[in-house]
Structures are given as C-alpha cells and as structure tokens.
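Okay, my_file26.txt now, which holds compact mmCIF, C-alpha atoms:
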```
# COMPACT_ATOMS: atom_id res chain seq x y z
CA MET P 1 13.32 -9.63 -7.25
CA TYR P 2 10.23 -7.50 -6.96
CA SER P 3 10.10 -4.31 -4.92
CA VAL P 4 7.17 -3.26 -2.77
CA LEU P 5 6.57 0.15 -1.24
CA THR P 6 4.37 0.42 1.83
CA ILE P 7 2.73 3.81 2.23
CA THR P 8 1.32 4.58 5.66
CA GLY P 9 -1.16 7.43 5.73
CA SER P 10 -1.66 7.71 9.46
CA PRO P 11 -0.99 11.08 11.09
CA ALA P 12 0.29 9.24 14.21
CA ALA P 13 3.71 7.61 14.50
CA THR P 14 2.23 4.56 16.24
CA SER P 15 -1.14 3.46 14.94
CA ARG P 16 -3.30 0.50 14.03
CA SER P 17 -2.90 1.13 10.31
CA ALA P 18 0.89 1.44 10.68
CA LEU P 19 0.90 -1.97 12.41
CA LEU P 20 -1.01 -3.51 9.49
CA ALA P 21 1.54 -2.08 7.04
CA GLN P 22 4.48 -3.27 9.18
CA THR P 23 3.02 -6.77 9.43
CA VAL P 24 2.58 -7.03 5.66
CA ALA P 25 6.06 -5.59 5.08
CA GLN P 26 7.59 -8.22 7.36
CA GLN P 27 5.76 -11.03 5.55
CA LEU P 28 6.84 -9.71 2.14
CA ALA P 29 10.45 -9.36 3.29
CA ARG P 30 10.38 -12.99 4.47
CA ASP P 31 9.12 -13.92 0.99
CA GLY P 32 12.22 -12.29 -0.52
CA TYR P 33 10.82 -8.97 -1.71
CA ALA P 34 12.73 -5.72 -1.45
CA VAL P 35 10.42 -3.73 0.82
CA ARG P 36 10.67 -0.01 1.49
CA SER P 37 8.38 2.06 3.68
CA LEU P 38 7.08 5.57 3.28
CA HIS P 39 5.29 7.27 6.17
CA VAL P 40 3.45 10.24 4.72
CA ARG P 41 3.50 11.97 8.11
CA ASP P 42 7.30 12.19 7.78
CA LEU P 43 7.10 14.20 4.55
CA PRO P 44 7.40 17.98 4.89
CA ALA P 45 3.97 19.25 5.91
CA GLU P 46 4.42 22.59 4.19
CA ALA P 47 5.27 20.89 0.89
CA LEU P 48 2.22 18.63 1.18
CA LEU P 49 -0.18 21.45 2.04
CA GLN P 50 1.19 23.87 -0.55
CA ALA P 51 1.40 21.18 -3.25
CA ASP P 52 5.11 21.82 -3.72
CA PHE P 53 5.85 19.18 -6.38
CA SER P 54 9.50 20.29 -6.57
CA HIS P 55 10.33 19.85 -2.87
CA PRO P 56 13.13 17.28 -2.51
CA GLY P 57 11.10 15.26 0.01
CA ILE P 58 8.15 14.99 -2.38
CA VAL P 59 10.40 14.27 -5.37
CA GLY P 60 12.09 11.48 -3.40
CA ALA P 61 8.75 9.95 -2.37
CA VAL P 62 7.50 10.02 -5.97
CA ARG P 63 10.72 8.30 -7.10
CA GLN P 64 10.29 5.58 -4.49
CA LEU P 65 6.79 4.99 -5.77
CA ALA P 66 7.90 4.95 -9.39
CA SER P 67 10.49 2.25 -8.73
CA ALA P 68 8.09 -0.10 -6.89
CA ASP P 69 6.42 -3.05 -8.59
CA ALA P 70 3.63 -3.13 -6.02
CA VAL P 71 2.26 -0.78 -3.39
CA VAL P 72 0.65 -1.41 -0.01
CA ILE P 73 -1.37 1.59 1.19
CA ALA P 74 -2.46 1.69 4.84
CA THR P 75 -4.77 4.33 6.22
CA PRO P 76 -7.11 4.99 9.09
CA ILE P 77 -10.67 5.80 8.08
CA TYR P 78 -12.05 9.06 9.48
CA LYS P 79 -15.58 10.26 8.78
CA ALA P 80 -16.03 7.69 5.99
CA ALA P 81 -12.85 8.68 4.13
CA TYR P 82 -9.15 7.88 4.16
CA SER P 83 -6.85 10.18 6.11
CA GLY P 84 -6.27 13.80 5.09
CA VAL P 85 -2.49 13.41 5.16
CA LEU P 86 -2.78 10.51 2.69
CA LYS P 87 -5.11 12.59 0.50
CA ALA P 88 -2.60 15.46 0.47
CA PHE P 89 0.09 13.03 -0.74
CA LEU P 90 -2.09 11.29 -3.33
CA ASP P 91 -3.12 14.70 -4.71
CA LEU P 92 0.55 15.45 -5.47
CA LEU P 93 1.16 12.28 -7.47
CA PRO P 94 1.33 12.30 -11.26
CA GLN P 95 -1.80 10.87 -12.85
CA THR P 96 0.01 7.72 -13.99
CA SER P 97 2.02 7.12 -10.81
CA LEU P 98 0.36 3.76 -10.11
CA GLN P 99 0.25 2.65 -13.73
CA GLY P 100 1.11 -1.03 -14.05
CA LYS P 101 1.26 -1.53 -10.29
CA ILE P 102 -0.59 -3.91 -8.03
CA VAL P 103 -2.03 -2.20 -4.96
CA LEU P 104 -3.06 -3.79 -1.66
CA PRO P 105 -5.17 -1.39 0.43
CA LEU P 106 -5.19 -1.75 4.23
CA ALA P 107 -7.49 0.26 6.47
CA THR P 108 -8.53 0.61 10.08
CA GLY P 109 -11.58 2.23 11.55
CA GLY P 110 -13.72 2.50 14.65
CA SER P 111 -16.31 0.01 13.50
CA PRO P 112 -17.13 -2.33 10.62
CA ALA P 113 -19.47 0.38 9.28
CA HIS P 114 -16.45 2.22 7.84
CA LEU P 115 -15.40 -0.70 5.64
CA LEU P 116 -17.15 0.69 2.57
CA ALA P 117 -15.03 3.86 2.72
CA VAL P 118 -12.22 1.89 1.09
CA ASP P 119 -14.39 1.06 -1.92
CA TYR P 120 -16.15 4.42 -2.20
CA ALA P 121 -13.35 6.82 -1.27
CA LEU P 122 -9.92 5.23 -1.77
CA ARG P 123 -10.40 2.74 -4.61
CA PRO P 124 -11.57 5.37 -7.18
CA VAL P 125 -8.47 7.50 -6.47
CA LEU P 126 -6.19 4.49 -6.93
CA HIS P 127 -7.90 3.74 -10.25
CA ALA P 128 -7.53 7.36 -11.32
CA LEU P 129 -3.79 7.09 -10.62
CA GLY P 130 -3.59 4.15 -13.04
CA ALA P 131 -3.33 1.15 -10.70
CA ARG P 132 -3.28 -2.02 -12.82
CA HIS P 133 -4.90 -4.21 -10.22
CA ILE P 134 -6.33 -3.22 -6.84
CA LEU P 135 -6.57 -6.22 -4.56
CA GLY P 136 -9.31 -6.80 -2.01
CA ALA P 137 -8.80 -4.52 0.96
CA VAL P 138 -7.98 -5.77 4.43
CA TYR P 139 -10.05 -3.74 6.88
CA ALA P 140 -9.70 -3.99 10.65
CA SER P 141 -11.94 -2.39 13.25
CA ASP P 142 -10.58 -1.11 16.55
CA ALA P 143 -11.79 -4.30 18.24
CA GLN P 144 -9.68 -6.40 15.84
CA VAL P 145 -6.46 -4.43 16.57
CA SER P 146 -6.45 -4.04 20.32
CA GLY P 147 -4.19 -1.99 22.56
CA ASP P 148 -3.06 1.59 22.40
CA ALA P 149 -0.17 3.76 21.23
CA ILE P 150 1.55 3.58 24.61
CA THR P 151 1.39 -0.15 25.38
CA GLY P 152 1.37 -1.20 21.73
CA TYR P 153 -1.19 -2.67 19.36
CA ARG P 154 -1.94 -6.35 18.77
CA ILE P 155 -3.59 -7.86 15.71
CA SER P 156 -6.34 -10.42 16.24
CA PRO P 157 -5.84 -13.88 14.70
CA GLU P 158 -8.63 -13.12 12.20
CA ILE P 159 -6.84 -10.02 10.90
CA ALA P 160 -3.49 -11.84 10.88
CA ASP P 161 -5.07 -14.49 8.63
CA ARG P 162 -6.58 -11.84 6.35
CA LEU P 163 -3.23 -10.05 6.07
CA GLN P 164 -1.57 -13.35 5.10
CA ALA P 165 -4.27 -13.87 2.47
CA GLY P 166 -3.60 -10.36 1.14
CA VAL P 167 0.12 -11.13 0.88
CA ARG P 168 -0.66 -14.38 -0.96
CA GLU P 169 -2.88 -12.46 -3.38
CA LEU P 170 -0.12 -9.89 -3.91
CA ASN P 171 2.40 -12.70 -4.52
CA ALA P 172 0.08 -14.28 -7.08
CA GLY P 173 -0.51 -10.97 -8.84
CA LEU P 174 3.20 -10.26 -9.12
CA ALA P 175 3.94 -13.80 -10.29
CA ALA P 176 1.26 -13.49 -12.97
CA SER P 177 2.79 -10.23 -14.17
CA ARG P 178 6.23 -11.80 -14.60
CA PRO P 179 7.13 -11.83 -18.30
CA ARG P 180 7.03 -15.32 -19.70
CA THR P 181 10.24 -16.36 -21.37
CA ILE P 182 10.79 -19.18 -23.76
CA PRO P 183 13.74 -21.42 -22.85
CA VAL P 184 16.73 -20.95 -25.16
CA ASP P 185 16.59 -24.51 -26.58
CA VAL P 186 12.88 -24.16 -27.43
CA ARG P 187 13.43 -20.70 -28.91
CA GLU P 188 16.22 -22.04 -31.15
CA ARG P 189 13.93 -24.78 -32.47
CA LEU P 190 11.05 -22.37 -33.04
CA TYR P 191 13.09 -19.79 -34.93
CA ALA P 192 15.56 -22.12 -36.72
```

Represent the structure contained in this file as structure tokens.
Amino acid sequence: MYSVLTITGSPAATSRSALLAQTVAQQLARDGYAVRSLHVRDLPAEALLQADFSHPGIVGAVRQLASADAVVIATPIYKAAYSGVLKAFLDLLPQTSLQGKIVLPLATGGSPAHLLAVDYALRPVLHALGARHILGAVYASDAQVSGDAITGYRISPEIADRLQAGVRELNAGLAASRPRTIPVDVRERLYA
C-alpha cells in the first residue's frame, strides 16, 4: 500500500486550499492509500521562523515526509507566490526531501491570473527538493470554491472533476513506479 502525505500551507484553519487537500485525501483514502495530513500552521511558529531543524515538531514533520511515497501540497496564492508559512516549512527541508516522490500541487487564489504562480514560484522549489515527478497543478479561483470560513466552503463541479483527474494522475504515477516483478515460475525457467 502506498502512503500519501497532504501538506496544507494555509495560515487559516479553515480555507479553500485546505478543502482541496481534504477532498483529495478523502478520494485517496477511498482508493486504499494510507493518507496522513500535515498542516504547516500547526507546526511551532518559533521553530519555523528561526529555522530550528532540531525542534521535535519539525523533525516529526520531516519524518512524515520522508516516509511518504507521494505528496499533495495545497497552498493559497498571495501576491503571485505560495504562502509564507509554506515557504518557511519548505526552506527547512533537506535538499533531497522530495527525491523519488510524486507531487500533486493544489492552489487557490483570488482570480485565474494567479494560476501561473504555481509554475513560476512553487514548481521550481519542488524540483530543487528533488521531486521525481510534479503533476499538473489543480488551481481554483475564489469563484470556483464558494462560501466562507464560517458557513463552510463548497467546491464547484468543475474543480471537483479536476481534483478527480489529479487523483487519477497520481494513481497512474504511483502504479508506474511500482517495481515490476517476474512471476516465480517464469523466473525459474529464465534462470534454470
């Protein structure tokens, strides 16, 4: 069974980007994956801001990431960049922390104009951290995830479809990475 870690980089407890991550996590869990969630806002702020690599909270988060086969990263886009709290966390990661992993980026922003921030701001950092394969991002504007933090957010059918497509792409990437084994009877004939 594969394990997937969702990392939510929203500074708010209830947010559009958190809903995207939760929706993907639920779909992956239904598909039989072991899914864990990491909300960067729940990590110790002082450790993040002071780059305290040895803090138990940071060490635990890095271990969770190391044990995952795939990563889903969700972030709001502010001023054409991913969130500062996510940047503080990514800056603490070892340079090879995403090595061999498939990454599905999810992002939300005020308008479709912020879509390119995923490609120009987040994708290069994920590459620098060694991600094996970065899937196409699912970006949702405020109009596509309606509601508010008090009454709750709702995903439009279009975004729900795109999230399902992202999960299918993640499934395919993980299946392709599965080591191919030769059945025992064939192996015996080949090496007899």

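For the set P:Arg16, P:Arg154, P:Arg63, P:His133, the residue with the smallest atom-to-atom gap to P:Arg36 is P:Arg63, counting all atoms listed in the file.
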
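One distance worth recording is that between atom CA of P:Gln95 and atom CA of P:Gly130, which is 7.0 Å.
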
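Residue nearest P:Leu90 within the list P:Ile150, P:Ile7, P:Ala45, P:Leu19: P:Ile7 [criterion: smallest interatomic distance, all atoms listed in the file].
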
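Counting only C-alpha atoms and comparing P:Pro157, P:Gly109, P:Gly100, P:Gly147, the residue that lies closest to P:Leu129 is P:Gly100.
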
Inset, instruction - Write out as a VMD selection string the residues lying within 9 Å of P:Leu135, counting all atoms listed in the file and excluding same-chain residues fewer than 5 positions away. - result: chain P and resid 102 to 105 166 169 to 170 173

Legend entry - Option closest in space to P:Arg41, from P:Ala80, P:Leu86, P:Ala66, P:Ala74 [counting only C-alpha atoms]: P:Leu86

Inset, instruction - Find the residues near P:Leu28: any atom within 9 Å, counting only C-alpha atoms, skip ones fewer than 4 places away on the same chain, and give them as number ranges by chain. - result: P: 4, 23-24, 32-35, 167, 171

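Across the structure, atom CA of P:Lys79 and atom CA of P:Pro11 are spaced 14.8 Å apart.
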
Extending 6 Å beyond the listed atoms of stretch 35-43 of chain P on each side, what axis-aligned box results? I want centre and edge lengths in Å to one decimal, as JSON.
```
{"center_x": 7.1, "center_y": 5.2, "center_z": 4.5, "size_x": 19.2, "size_y": 29.9, "size_z": 19.3}
```

Inset, instruction - Could you give me, as a PyMOL selection string, the residues that have an atom at most 9 Å away from the point (7.1, -2.2, -3.9) in the coordinates of the file, using all atoms listed in the file? - result: chain P and resi 2-6+33-37+64-65+67-72+101-102

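In this comparison, which uses only C-alpha atoms, the residue of P:Ala140, P:Ala18, P:Leu122, P:Ala117 approaching P:Ala160 most closely is P:Ala140.
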
Inset, instruction - Would you mind listing what lies within 8 Å of P:Ser83 as a PyMOL selection string, with only C-alpha atoms counted and same-chain residues fewer than 3 positions away left out? - result: chain P and resi 9-11+75-78+86-87

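Nearest-residue note for P:Asp42: choosing from P:Leu92, P:Ala61, P:Glu158, P:Ser54, the minimum distance belongs to P:Ala61, counting only C-alpha atoms.
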
Inset, instruction - Measure the distance from atom CA of P:Pro112 to atom CA of P:Ser141 in Å and round it to one decimal. - result: 5.8 Å

Legend entry - Contact residues around P:Leu48 with only C-alpha atoms at 9 Å, ignoring same-chain residues under 5 positions, as an MDAnalysis selection string: chainID P and resid 43 53 58 85 88:89 91:92

Take the selection from the previous step and output its residues with C-alpha atoms, as a CSV table (one decimal), in the coordinates of the input.
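The resulting file, out_24.csv, is shown below:
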```
chain,number,residue,atom,x,y,z
P,43,LEU,CA,7.1,14.2,4.6
P,53,PHE,CA,5.8,19.2,-6.4
P,58,ILE,CA,8.2,15.0,-2.4
P,85,VAL,CA,-2.5,13.4,5.2
P,88,ALA,CA,-2.6,15.5,0.5
P,89,PHE,CA,0.1,13.0,-0.7
P,91,ASP,CA,-3.1,14.7,-4.7
P,92,LEU,CA,0.6,15.4,-5.5
```

P:Asp119: which residues within 10 Å, counting only C-alpha atoms, same-chain residues fewer than 4 positions away excluded, as a short mmCIF file (atom, residue, chain, number, x, y, z; two decimals) with C-alpha atoms, in the frame of the given file?
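Wrote selection08.cif, looks like this:
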```
data_model
loop_
_atom_site.label_atom_id
_atom_site.label_comp_id
_atom_site.auth_asym_id
_atom_site.auth_seq_id
_atom_site.Cartn_x
_atom_site.Cartn_y
_atom_site.Cartn_z
CA ALA P 81 -12.85 8.68 4.13
CA PRO P 105 -5.17 -1.39 0.43
CA LEU P 115 -15.40 -0.70 5.64
CA ARG P 123 -10.40 2.74 -4.61
CA PRO P 124 -11.57 5.37 -7.18
CA VAL P 125 -8.47 7.50 -6.47
CA GLY P 136 -9.31 -6.80 -2.01
CA ALA P 137 -8.80 -4.52 0.96
#
```
